[in-house]
Amino acid sequence: MALKQIDPVRWVLERDFKIGMKVTGLIYGDSYIIQNLEKEGALTQIANVACLPGILKHSFAMPDVHWGYGFPIGGVAAFSLNEGIISPGGVGYDISCGVRVMLTFIEEKEVASCIDELTAALFSRVPSGVGSKGALKISETELLSVLAKGALWAVKKGYGRSEDLECIEERGTLPHANPDAVSKKAIERGKPQLGTLGSGNHFLEIQVIDEIYDENVARQFGLNPGQVTVMIHCGSRGLGHQVCDDYIKVMLRAMNKYGISVPDRQLCCAPLKSEEAKQYLGAMQAAANYALANREIIGQLVREVFGDFFPKSDLKLLYDVSHNMAHIEKHGVEGKQVDVCVHRKGATRAFPPGHPSLPERYIQVGQPVIIPGSMGTESYILVGTKRGMEECFASTCHGAGRVLSRKAAMKSEKADTILKRLEDRGIKVMAETIGTVREEIPEAYKDVSRVVDVVEKAGISRKVARLRPLAVIKG
DNA sequence: ATGTAC
């Protein structure tokens, strides 16, 4: 495939008319990132996405891009509401998987003295692991309310605080969610799992701010060197997974019905104007509300645990943002402001300063963009930029991005060795399943600093602070 | 990511 480097961090994948690419690909990366992309089929997936009806500007790939179901993880694709489509594969199985950062007012040395006990308390209070359940069990009626109200439900029930809401994307609620579009099976899976972390790359981390890159923005965000933070990475659990599963089947039928052909069946989709698309949008937003509630509840559990250890301290939400979503947003296309459907799969929304959907406290500086690192590596807080808004539908990377498949990672090293190495570096790890530690070995991922440097050099978001892990809880 | 296959 014809890849052309246009500047140090931008590569254009030229249109291949034989496979039906409607637009070019735009890939953010340095040479190392581009090499990895060739090996594992992500490049073909970027080209395949460029073939979808009504795609606007480019099929984008962030520097953490890697192979995924149909669409690559790290991909961004926006579609015209008139001619375009929506695809469950462009959102991902873990609908509204995302991250939040909470700020404590405690310094590193204070947590250091009780890090083992604190981590153990968090591990016992926040259920984790594949089939985990238990933080709270709710009735079906309550669950429907969660699906309609998101984090607002959690706050109303006392599992969160009203001041958190303005710092959650969409203020904690996707108002057009349609709980009736969510299957009974999905609801059954979701009922016992609210307030649980899950498994895989999901985690709960105690961190410390160890580098500030932009003092002005850091001040606006309330970030200070040496300050302890908590990062929570999780999603919509079995419920979102089931919604994705259900609607892939719906979309496969819709493709025949509307005569859409795609290069890979995993890209199955329906016209945005169709009934099938409306149903999926409603169900997807309901699953997203579940994820927003889930992170709000876990945040509250973390507050309670920290309260036991540090009665005078409190935790304040910096921001909560998803990186697996399709959103209808206003963007400039061919000189006009229009509503488009932006799919971000393993890509983070990054609104610039002045964007109307930002909370008042961030409107001058832009949206906090949270980029988790892999297990035992640093995480970053970035801020959205005007260039990102104009060029790639206000999107940026979402993490380090895999270089080894889970299977390949499992072959690398024993869990004991990995844990020992992390502990030698002063990082306490507690994991529900030992296999997860092997799958999540840092070597299975790209270097997150490198990924973040690419998006910063490209100007699609800017570094604000770096967070170093002190303790990690895995599923 | 996921009751890692209905």
# chains A, B, ... in the order shown; residues from 1 in each chain; ligands from 1
call {"tool": "interface_residues", "arguments": {"of": "chain B", "to": "chain A", "cutoff": "7 Å", "atoms": "only C-alpha atoms (C1' of nucleotides)", "output": "number ranges by chain"}}
result
B: 1-3
call {"tool": "residues_around", "arguments": {"residues": "Ile33 in chain A", "least_positions_apart": "4", "cutoff": "8 Å", "atoms": "only C-alpha atoms (C1' of nucleotides)", "output": "PDB file with all heavy atoms, in the first residue's frame"}}
result
ATOM      1  N   GLY A  29       2.265   9.182  13.249  1.00  0.00           N
ATOM      2  CA  GLY A  29       3.253   8.248  13.780  1.00  0.00           C
ATOM      3  C   GLY A  29       4.669   8.614  13.398  1.00  0.00           C
ATOM      4  O   GLY A  29       4.890   9.396  12.468  1.00  0.00           O
ATOM      5  N   LEU A  37       2.755  -0.993  12.339  1.00  0.00           N
ATOM      6  CA  LEU A  37       1.446  -0.995  11.703  1.00  0.00           C
ATOM      7  C   LEU A  37       1.396  -1.897  10.487  1.00  0.00           C
ATOM      8  O   LEU A  37       0.393  -2.558  10.222  1.00  0.00           O
ATOM      9  CB  LEU A  37       1.197   0.469  11.355  1.00  0.00           C
ATOM     10  CG  LEU A  37       0.223   1.055  10.456  1.00  0.00           C
ATOM     11  CD1 LEU A  37      -0.713   1.817  11.352  1.00  0.00           C
ATOM     12  CD2 LEU A  37       0.916   2.048   9.564  1.00  0.00           C
ATOM     13  N   PRO A  63      -1.379   7.329  16.837  1.00  0.00           N
ATOM     14  CA  PRO A  63      -0.114   6.586  16.919  1.00  0.00           C
ATOM     15  C   PRO A  63      -0.171   5.296  17.755  1.00  0.00           C
ATOM     16  O   PRO A  63       0.756   4.496  17.682  1.00  0.00           O
ATOM     17  CB  PRO A  63       0.856   7.596  17.552  1.00  0.00           C
ATOM     18  CG  PRO A  63       0.010   8.669  18.125  1.00  0.00           C
ATOM     19  CD  PRO A  63      -1.251   8.703  17.343  1.00  0.00           C
ATOM     20  N   ASP A  64      -1.251   5.095  18.501  1.00  0.00           N
ATOM     21  CA  ASP A  64      -1.385   3.839  19.251  1.00  0.00           C
ATOM     22  C   ASP A  64      -2.203   2.818  18.474  1.00  0.00           C
ATOM     23  O   ASP A  64      -2.693   1.840  19.036  1.00  0.00           O
ATOM     24  CB  ASP A  64      -2.005   4.098  20.638  1.00  0.00           C
ATOM     25  CG  ASP A  64      -3.259   4.961  20.587  1.00  0.00           C
ATOM     26  OD1 ASP A  64      -3.485   5.631  19.553  1.00  0.00           O
ATOM     27  OD2 ASP A  64      -4.014   4.979  21.574  1.00  0.00           O
TER      28      ASP A  64
END
call {"tool": "atom_distance", "arguments": {"atom1": "CA of Thr44 in chain A", "atom2": "CA of Ser59 in chain A"}}
result
11.3 Å
call {"tool": "residues_around", "arguments": {"residues": "Lys184 in chain A", "least_positions_apart": "2", "cutoff": "12 Å", "atoms": "only C-alpha atoms (C1' of nucleotides)", "output": "list in words"}}
result
Glu140, Leu143, Leu144, Pro179, Asp180, Ala181, Val182, Ala186, Ile187, Glu188, Arg189, Gly190, Lys191, Leu239, Gln242, Val243, Asp246 and Ala283 of chain A
call {"tool": "write_last_selection", "arguments": {"atoms": "N, CA and C atoms", "output": "PDB file, in the first residue's frame"}}
result
ATOM      1  N   GLU A 140     -34.095  -4.739  37.888  1.00  0.00           N
ATOM      2  CA  GLU A 140     -34.180  -4.411  36.478  1.00  0.00           C
ATOM      3  C   GLU A 140     -34.695  -2.977  36.270  1.00  0.00           C
ATOM      4  N   LEU A 143     -31.944  -0.668  36.860  1.00  0.00           N
ATOM      5  CA  LEU A 143     -30.965  -0.722  35.776  1.00  0.00           C
ATOM      6  C   LEU A 143     -31.438   0.106  34.573  1.00  0.00           C
ATOM      7  N   LEU A 144     -32.734   0.055  34.291  1.00  0.00           N
ATOM      8  CA  LEU A 144     -33.262   0.855  33.178  1.00  0.00           C
ATOM      9  C   LEU A 144     -33.038   2.339  33.454  1.00  0.00           C
ATOM     10  N   PRO A 179     -33.115   2.871  26.535  1.00  0.00           N
ATOM     11  CA  PRO A 179     -33.026   1.586  27.243  1.00  0.00           C
ATOM     12  C   PRO A 179     -33.860   0.490  26.595  1.00  0.00           C
ATOM     13  N   ASP A 180     -34.947   0.858  25.903  1.00  0.00           N
ATOM     14  CA  ASP A 180     -35.787  -0.149  25.241  1.00  0.00           C
ATOM     15  C   ASP A 180     -35.062  -0.846  24.090  1.00  0.00           C
ATOM     16  N   ALA A 181     -33.989  -0.228  23.594  1.00  0.00           N
ATOM     17  CA  ALA A 181     -33.237  -0.841  22.492  1.00  0.00           C
ATOM     18  C   ALA A 181     -32.176  -1.817  23.006  1.00  0.00           C
ATOM     19  N   VAL A 182     -32.081  -1.961  24.337  1.00  0.00           N
ATOM     20  CA  VAL A 182     -31.101  -2.875  24.945  1.00  0.00           C
ATOM     21  C   VAL A 182     -31.801  -4.211  25.238  1.00  0.00           C
ATOM     22  N   ALA A 186     -28.665  -8.459  27.576  1.00  0.00           N
ATOM     23  CA  ALA A 186     -27.686  -7.441  27.972  1.00  0.00           C
ATOM     24  C   ALA A 186     -28.003  -6.913  29.369  1.00  0.00           C
ATOM     25  N   ILE A 187     -29.283  -6.696  29.624  1.00  0.00           N
ATOM     26  CA  ILE A 187     -29.709  -6.195  30.936  1.00  0.00           C
ATOM     27  C   ILE A 187     -29.374  -7.208  32.033  1.00  0.00           C
ATOM     28  N   GLU A 188     -29.637  -8.476  31.747  1.00  0.00           N
ATOM     29  CA  GLU A 188     -29.310  -9.531  32.722  1.00  0.00           C
ATOM     30  C   GLU A 188     -27.813  -9.542  33.033  1.00  0.00           C
ATOM     31  N   ARG A 189     -27.013  -9.369  31.993  1.00  0.00           N
ATOM     32  CA  ARG A 189     -25.552  -9.378  32.220  1.00  0.00           C
ATOM     33  C   ARG A 189     -25.120  -8.161  33.015  1.00  0.00           C
ATOM     34  N   GLY A 190     -25.821  -7.042  32.796  1.00  0.00           N
ATOM     35  CA  GLY A 190     -25.416  -5.790  33.442  1.00  0.00           C
ATOM     36  C   GLY A 190     -25.825  -5.663  34.903  1.00  0.00           C
ATOM     37  N   LYS A 191     -26.928  -6.324  35.262  1.00  0.00           N
ATOM     38  CA  LYS A 191     -27.488  -6.130  36.610  1.00  0.00           C
ATOM     39  C   LYS A 191     -26.497  -6.325  37.754  1.00  0.00           C
ATOM     40  N   LEU A 239     -22.614  -5.779  29.789  1.00  0.00           N
ATOM     41  CA  LEU A 239     -23.768  -5.134  29.154  1.00  0.00           C
ATOM     42  C   LEU A 239     -23.395  -4.538  27.800  1.00  0.00           C
ATOM     43  N   GLN A 242     -22.622  -7.211  25.233  1.00  0.00           N
ATOM     44  CA  GLN A 242     -23.823  -7.843  24.686  1.00  0.00           C
ATOM     45  C   GLN A 242     -24.521  -6.926  23.680  1.00  0.00           C
ATOM     46  N   VAL A 243     -24.555  -5.618  23.965  1.00  0.00           N
ATOM     47  CA  VAL A 243     -25.157  -4.660  23.029  1.00  0.00           C
ATOM     48  C   VAL A 243     -24.406  -4.709  21.700  1.00  0.00           C
ATOM     49  N   ASP A 246     -25.273  -8.009  19.926  1.00  0.00           N
ATOM     50  CA  ASP A 246     -26.651  -7.970  19.400  1.00  0.00           C
ATOM     51  C   ASP A 246     -26.715  -7.144  18.119  1.00  0.00           C
ATOM     52  N   ALA A 283     -29.179   2.269  21.878  1.00  0.00           N
ATOM     53  CA  ALA A 283     -28.658   1.205  22.741  1.00  0.00           C
ATOM     54  C   ALA A 283     -27.216   1.494  23.149  1.00  0.00           C
TER      55      ALA A 283
END
call {"tool": "atom_distance", "arguments": {"atom1": "CA of Asp416 in chain A", "atom2": "CA of Ser124 in chain A"}}
result
21.2 Å
call {"tool": "residues_around", "arguments": {"residues": "range 278-281 of chain A", "least_positions_apart": "6", "cutoff": "12 Å", "atoms": "only C-alpha atoms (C1' of nucleotides)", "output": "ChimeraX atom specification"}}
result
/A:81,85-89,91,95,174-183,240,243-251,254,269-272,287-288,325-328,341,343
call {"tool": "residues_around", "arguments": {"residues": "Val146 in chain A", "least_positions_apart": "4", "cutoff": "7 Å", "atoms": "only C-alpha atoms (C1' of nucleotides)", "output": "list in words"}}
result
Glu142, Gly150, Trp153, Asn289, Tyr290 and Ala293 of chain A
call {"tool": "write_last_selection", "arguments": {"atoms": "N, CA and C atoms", "output": "CSV table (one decimal), in the first residue's frame"}}
result
chain,number,residue,atom,x,y,z
A,142,GLU,N,-34.3,-0.4,38.3
A,142,GLU,CA,-33.2,0.5,38.6
A,142,GLU,C,-32.2,0.5,37.4
A,150,GLY,N,-27.3,7.5,33.4
A,150,GLY,CA,-25.8,7.5,33.5
A,150,GLY,C,-25.3,7.9,34.9
A,153,TRP,N,-27.6,9.0,37.7
A,153,TRP,CA,-28.3,8.0,38.5
A,153,TRP,C,-27.5,7.7,39.8
A,289,ASN,N,-24.1,5.2,29.1
A,289,ASN,CA,-24.6,5.7,30.4
A,289,ASN,C,-24.2,4.7,31.5
A,290,TYR,N,-24.3,3.4,31.2
A,290,TYR,CA,-23.9,2.4,32.2
A,290,TYR,C,-22.5,2.5,32.6
A,293,ALA,N,-22.0,5.6,34.7
A,293,ALA,CA,-22.4,5.3,36.1
A,293,ALA,C,-21.4,4.4,36.8
call {"tool": "atom_distance", "arguments": {"atom1": "CA of Ser412 in chain A", "atom2": "CA of Gly70 in chain A"}}
result
26.9 Å
call {"tool": "closest_residue", "arguments": {"among": "A:Ala61, A:Val321, A:Ala148, A:Leu194", "to": "Thr173 in chain A", "atoms": "only C-alpha atoms"}}
result
A:Ala148
call {"tool": "residues_around", "arguments": {"residues": "Val230 in chain A", "least_positions_apart": "3", "cutoff": "7 Å", "atoms": "only C-alpha atoms (C1' of nucleotides)", "output": "ChimeraX atom specification"}}
result
/A:101-103,205-207
call {"tool": "residues_around", "arguments": {"residues": "Asn48 in chain A", "least_positions_apart": "2", "cutoff": "8 Å", "atoms": "only C-alpha atoms (C1' of nucleotides)", "output": "PDB file with C-alpha atoms, in the first residue's frame"}}
result
ATOM      1  CA  ILE A  19     -10.673  -1.670  -3.143  1.00  0.00           C
ATOM      2  CA  MET A  21     -11.334   3.819  -0.844  1.00  0.00           C
ATOM      3  CA  THR A  44      -5.435  -2.806   5.704  1.00  0.00           C
ATOM      4  CA  GLN A  45      -8.058  -1.964   8.304  1.00  0.00           C
ATOM      5  CA  ILE A  46      -7.385   1.783   7.911  1.00  0.00           C
ATOM      6  CA  ALA A  50     -11.847   4.520   4.068  1.00  0.00           C
ATOM      7  CA  CYS A  51     -14.239   2.522   1.831  1.00  0.00           C
ATOM      8  CA  LEU A  52     -17.314   3.085   4.006  1.00  0.00           C
ATOM      9  CA  PHE A  71     -11.979  -1.084  12.545  1.00  0.00           C
ATOM     10  CA  VAL A 262     -17.950  -3.488   2.658  1.00  0.00           C
ATOM     11  CA  PRO A 263     -14.478  -5.041   2.265  1.00  0.00           C
ATOM     12  CA  ASP A 264     -14.765  -6.917   5.594  1.00  0.00           C
TER      13      ASP A 264
END
call {"tool": "closest_residue", "arguments": {"among": "A:His323, A:Lys185, A:Arg10, A:Lys4", "to": "Gly75 in chain A", "atoms": "only C-alpha atoms"}}
result
A:His323
call {"tool": "select_by_dssp", "arguments": {"residues": "range 165-403 of chain A", "states": "alpha helix (DSSP H)", "output": "ChimeraX atom specification"}}
result
/A:184-190,215-221,237-258,275-309,386-392
call {"tool": "closest_residue", "arguments": {"among": "A:Gly399, A:Gly335, A:Gly134, A:Gly222", "to": "Val369 in chain A", "atoms": "only C-alpha atoms"}}
result
A:Gly399
